[in-house]
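Here is the structure we will look at.
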Amino acid sequence: MHRLYLIPTLAINVAIIFVPALLTVALAFFRWDGISAPVFVGLANFSALWTDRIFWTALTNNVIWTAIFLTVPIAMGLLAATMLLVARRGSTFFQVVYFLPVIIATAITARVWQGMIYSPVTGVNGLLQRFGLPTFDPLAGTSTALYGIATVDLWHWWGFLCVIFFAALRQVPQEQVDAARLDGANFWQTMRLVLLPAIRPTITLMMIMTVIWSFLVFDFVYILTQGGPAFSSEVLSTLAYRSAFYDLAVGKAAAVAVVISLFGLAATAFYIRAQAREFDR
Amino acid sequence: MRLPEARSTVVLTYAALGVLLVITLFPIALLVLNSLKPATQIVQNPLAWPEVFRWDNFSRAWADARFGRTLLNSVVLTGTTIVLVCSTASLTAYVLARRKVKEWKVVTFYLLGTTTAPIQLFLFPLYFGFARLGLINNPLAVSLIYTAVFSPFAVMLLRTYFLAVPKEIEESALIDGASHWQIFTRVMLPIVSPGILTVALIIGLYSWNEFLIATTFLQQGDRMTAIVAFFLLSGQYTSDWGEIMAAALVIVLPIVILFIFLQRRFIEGMAGGSVKG
């Protein structure tokens, strides 16, 4: 009887996600332009990716992206969250402001940074130039574009982690901190020996999610540079999207999607294991 | 829990928190400030106070992004998605939280797995399939996609609310002769309604802001969402950044106002769905 309750969710989920996902895996072994009949090509899509310079750039960029987001925003979030514990008043106010970028649409955040900050014509960047300071548009340089995009995503993202870590830190029993204090621990020692171990499950979970999300990054890259200049900021998700909808190479796009999913799958296994403890309670 | 520190440390802390505050607010301030300036003055100095307030930035943005139409599309799409997600996810969350079926574990892990599935893994067959079925530019079809993508999150969040309801309430209703359906609709739903409101807010935020699926599946001018219209406006139709920022403000302002009034719900909801499973 109660099985019926599950039907709406599962039916929608299977029709929209599960079946098309299986089809994507199958399509990775076909050549298809989205219109005519697909042609079976075996592993040709994958071997083409293997020799594709842009694919390797994209994969490397995803790895760099993961490394950046595993360190910088998590460190920023942890530090700010601990500082919110020290601040006696106003922690709610700071939290709300830090969280604002999270709720602003990515398309809008991207355009604000592009036009109002990075642009040498209309942005703050151009202002520096007028004062004789050496500046350049990070989005226009092949060696800087990816970091220019990552900065925007960092601005958009770190407040989320700060708020999550702050919520976890507030649950740490006061006695543990007081005991450490009595033993003469300073701020950094308290953080390293008491606070960080206490919220380790939260940090681990956020790191797993970071890995998953880092391989999904799409909006900021697509809007800010479309993977350019000269594919220097291409990531796997924009490569797949462009292959499918611009080049009509759906088989290749499917192969890239399978690669993204393999990275995601490893992280997902950790994610489900971390969550499983919650369900066994 | 709080950290007692020396006065100097506290002062230093506030200084650092203040710096982060400035970094966070700077781009937002630029957005608001320049939405009121003529394009020529933005080129001169994006940081300057507006010499004249160009309120017509808003009327031009409204016309060029066809907000009369596209904002309505966003409202309809967001509303449909909220209704679909809340109704389907509360059913599932109830069954999973109370372990009403013996397959509860498999279903839970399946849903957890799909929360992390990359959109690209199902986007391409879905697009070409929908194209064949004539479902491109169909808002209901897009809200079904949103429902599929967002409902695992909603189920996990609602599950924690159902878990918090004491079992005795359900049992006594059963003894009073209530049917299973009556227990769910008359007893459980009213108790977890705060959770449903939280889910509605978060799902509403996600649908309102969503870009990738909206830009792929709603391309026709009179069907697109406000976000896609903004993207096109800023990409090809104008290089007047005053107008672009005005359009941005129109989309962002309702969300920010809602957030400021209901910030606790937003933050707890977004944190709860991802942290507590």
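Starting from 1 in every chain, residues are counted up; chains themselves are A, B, ... following the order of the structure tokens, and ligands are numbered from 1 as listed.
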
(request) Identify, on the basis of only C-alpha atoms, every residue whose closest approach to A:Ala198 does not exceed 10 Å; exclude the query and any residue fewer than 2 positions from it along the same chain; express the result as number ranges by chain. (result) A: 168-169, 171-173, 176, 191-196, 200-203

(request) From the DSSP assignment of the backbone, select every residue of stretch 153-231 of chain B that is helix (DSSP H, G or I), and format the answer as a ChimeraX atom specification. (result) /B:153-163,167-175,180-209,212-217,226-231

(message) So that I can check the surroundings of B:Ser8, please list as a ChimeraX atom specification every protein, DNA and RNA residue that reaches within 12 Å of it, counting only C-alpha atoms and ignoring chain neighbours fewer than 5 positions away.
(response) /A:86-87 /B:13-15

Selection from above, C-alpha atoms, as a JSON list (two decimals), in the first residue's frame, can you write it?
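Resulting contents of result.json:
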[["chain", "number", "residue", "atom", "x", "y", "z"],
["A", 86, "VAL", "CA", 35.03, 34.76, 18.63],
["A", 87, "ALA", "CA", 32.83, 37.69, 17.62],
["B", 13, "THR", "CA", 38.57, 39.33, 14.43],
["B", 14, "TYR", "CA", 36.07, 42.06, 13.71],
["B", 15, "ALA", "CA", 38.55, 43.71, 11.36]]

Proximity check stretch 100-166 of chain B to stretch 269-276 of chain A, 8 Å, nearest pairs one decimal Å, only C-alpha atoms, as CSV:
residue,atom,partner,partner_atom,distance
B:Phe109,CA,A:Ile272,CA,7.0
B:Leu112,CA,A:Ile272,CA,6.8
B:Gly113,CA,A:Ile272,CA,7.3

Those residues with C-alpha atoms, as a PDB file, in the first residue's frame please?
ATOM      1  CA  PHE B 109      20.526   5.064  -1.770  1.00  0.00           C
ATOM      2  CA  LEU B 112      21.207   9.777  -2.873  1.00  0.00           C
ATOM      3  CA  GLY B 113      23.017   8.529  -5.966  1.00  0.00           C
TER       4      GLY B 113
END

(request) For stretch 40-55 of chain B, please output as number ranges by chain all residues within 9 Å (counting only C-alpha atoms; exclusion window: fewer than 3 positions along the same chain). (result) A: 116-117, 121-124, 126-127; B: 30, 33-37, 58-59, 240-242, 246

Export of the given selection (C-alpha atoms) as a short mmCIF file (atom, residue, chain, number, x, y, z; two decimals), in the first residue's frame:
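Result written to again20.cif:
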data_model
loop_
_atom_site.label_atom_id
_atom_site.label_comp_id
_atom_site.auth_asym_id
_atom_site.auth_seq_id
_atom_site.Cartn_x
_atom_site.Cartn_y
_atom_site.Cartn_z
CA MET A 116 31.79 45.61 -13.59
CA ILE A 117 35.07 44.16 -12.37
CA VAL A 121 36.33 49.18 -20.56
CA THR A 122 33.42 49.24 -18.13
CA GLY A 123 34.88 47.56 -15.06
CA VAL A 124 36.96 48.50 -12.04
CA GLY A 126 39.86 49.67 -16.44
CA LEU A 127 40.00 52.23 -13.66
CA LEU B 30 28.55 47.74 -8.12
CA LEU B 33 25.11 51.55 -8.18
CA ASN B 34 25.56 51.06 -11.91
CA SER B 35 21.97 50.04 -12.53
CA LEU B 36 21.17 53.72 -12.00
CA LYS B 37 23.90 55.23 -14.20
CA PHE B 58 14.82 49.89 -15.78
CA SER B 59 12.14 50.66 -18.35
CA ASP B 240 24.75 49.28 -22.17
CA TRP B 241 25.89 48.01 -18.77
CA GLY B 242 23.51 50.36 -16.96
CA ALA B 246 19.08 47.18 -14.08
#

(request) Can you pull out every residue within 9 Å of A:Ile149, counting only C-alpha atoms, but drop anything in the same chain fewer than 3 positions away, and send it as a list in words? (result) Ala110, Pro138, Leu139, Thr144, Ala145, Leu146, Val152, Asp153, Leu154, Phe220, Val221, Leu224, Thr225 and Ser233 of chain A

Store the residues picked out above, limited to C-alpha atoms, as a PDB file, in the first residue's frame.
ATOM      1  CA  ALA A 110      28.956  36.058 -13.868  1.00  0.00           C
ATOM      2  CA  PRO A 138      42.119  37.785 -16.613  1.00  0.00           C
ATOM      3  CA  LEU A 139      39.360  36.273 -18.729  1.00  0.00           C
ATOM      4  CA  THR A 144      44.700  33.217 -16.388  1.00  0.00           C
ATOM      5  CA  ALA A 145      41.158  32.605 -17.696  1.00  0.00           C
ATOM      6  CA  LEU A 146      40.517  29.535 -15.535  1.00  0.00           C
ATOM      7  CA  VAL A 152      34.062  34.370  -9.338  1.00  0.00           C
ATOM      8  CA  ASP A 153      32.930  30.929  -8.199  1.00  0.00           C
ATOM      9  CA  LEU A 154      34.927  31.348  -4.956  1.00  0.00           C
ATOM     10  CA  PHE A 220      30.413  30.222 -14.824  1.00  0.00           C
ATOM     11  CA  VAL A 221      32.696  28.772 -17.502  1.00  0.00           C
ATOM     12  CA  LEU A 224      32.263  33.964 -18.783  1.00  0.00           C
ATOM     13  CA  THR A 225      34.542  32.470 -21.451  1.00  0.00           C
ATOM     14  CA  SER A 233      39.446  27.359 -19.688  1.00  0.00           C
TER      15      SER A 233
END

(message) At a cut-off of 12 Å, using only C-alpha atoms, what residues contact B:Gln219? Leave out same-chain residues fewer than 2 positions from it and give the result as a PyMOL selection string.
(response) chain B and resi 70+135-139+142+211-217+221-229+231-232

(message) Between atom CA of A:Thr151 and atom CA of A:Phe215, what distance in Å does the model show, to one decimal?
(response)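 So the two atoms, atom CA of A:Thr151 and atom CA of A:Phe215, lie 16.6 Å apart.
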
B:Val85 environment, 12 Å, only C-alpha atoms, sequence neighbours closer than 6 positions dropped, as a tab-separated table (two decimals) with C-alpha atoms, in the first residue's frame:
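Contents of selection.tsv, as written:
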chain	number	residue	atom	x	y	z
A	8	PRO	CA	5.40	9.70	-8.33
A	9	THR	CA	8.97	10.48	-7.22
A	10	LEU	CA	10.45	7.31	-8.65
A	12	ILE	CA	9.67	11.03	-12.64
A	13	ASN	CA	13.20	10.29	-11.49
B	78	THR	CA	8.93	28.05	-10.36
B	79	GLY	CA	5.38	27.65	-9.01
B	91	LEU	CA	4.95	11.24	0.06
B	92	THR	CA	8.34	9.63	-0.50
B	93	ALA	CA	10.00	11.22	2.53
B	143	SER	CA	9.34	21.61	-14.46
B	144	LEU	CA	9.29	17.79	-14.63
B	145	ILE	CA	13.05	17.86	-15.23
B	146	TYR	CA	13.48	20.23	-12.26
B	147	THR	CA	11.32	17.93	-10.16
B	148	ALA	CA	13.51	14.94	-11.04
B	149	VAL	CA	16.70	16.88	-10.32
B	150	PHE	CA	15.60	18.63	-7.09
B	151	SER	CA	13.33	16.06	-5.44
B	152	PRO	CA	16.07	13.79	-4.03
B	153	PHE	CA	17.35	16.83	-2.10
B	154	ALA	CA	13.78	17.62	-0.99
B	155	VAL	CA	13.17	14.01	0.09
B	158	LEU	CA	11.79	16.39	4.51
B	196	ILE	CA	7.48	21.77	3.46
B	197	LEU	CA	7.65	25.57	3.52
B	199	VAL	CA	11.62	22.97	0.88
B	200	ALA	CA	9.32	25.22	-1.16
B	201	LEU	CA	11.63	28.19	-0.55
B	202	ILE	CA	14.81	26.36	-1.52
B	203	ILE	CA	13.29	24.67	-4.57
B	204	GLY	CA	11.81	28.03	-5.58
B	206	TYR	CA	16.88	26.88	-7.37
B	207	SER	CA	14.22	26.98	-10.11

(request) Quick one: pull the distance between atom CA of B:Leu189 and atom CA of B:Thr81, Å, one decimal. (result) 18.9 Å

(message) To one decimal place in Å, what is the distance between atom CA of A:Trp113 and atom CA of A:Thr142?
(response)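 Atom CA of A:Thr142 lies at a distance of 18.1 Å from atom CA of A:Trp113.
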
(message) Calculated over only C-alpha atoms, which of the candidates A:Cys162, A:Ile54, A:Leu85, A:Leu4 has the smallest distance to chain B?
(response) A:Leu85

(message) My list of candidates is B:Gln120, B:Ser90, B:Thr160, B:Thr115. Which is closest to chain A when distances are computed with only C-alpha atoms?
(response)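 Selected residue with least distance to chain A: B:Gln120.
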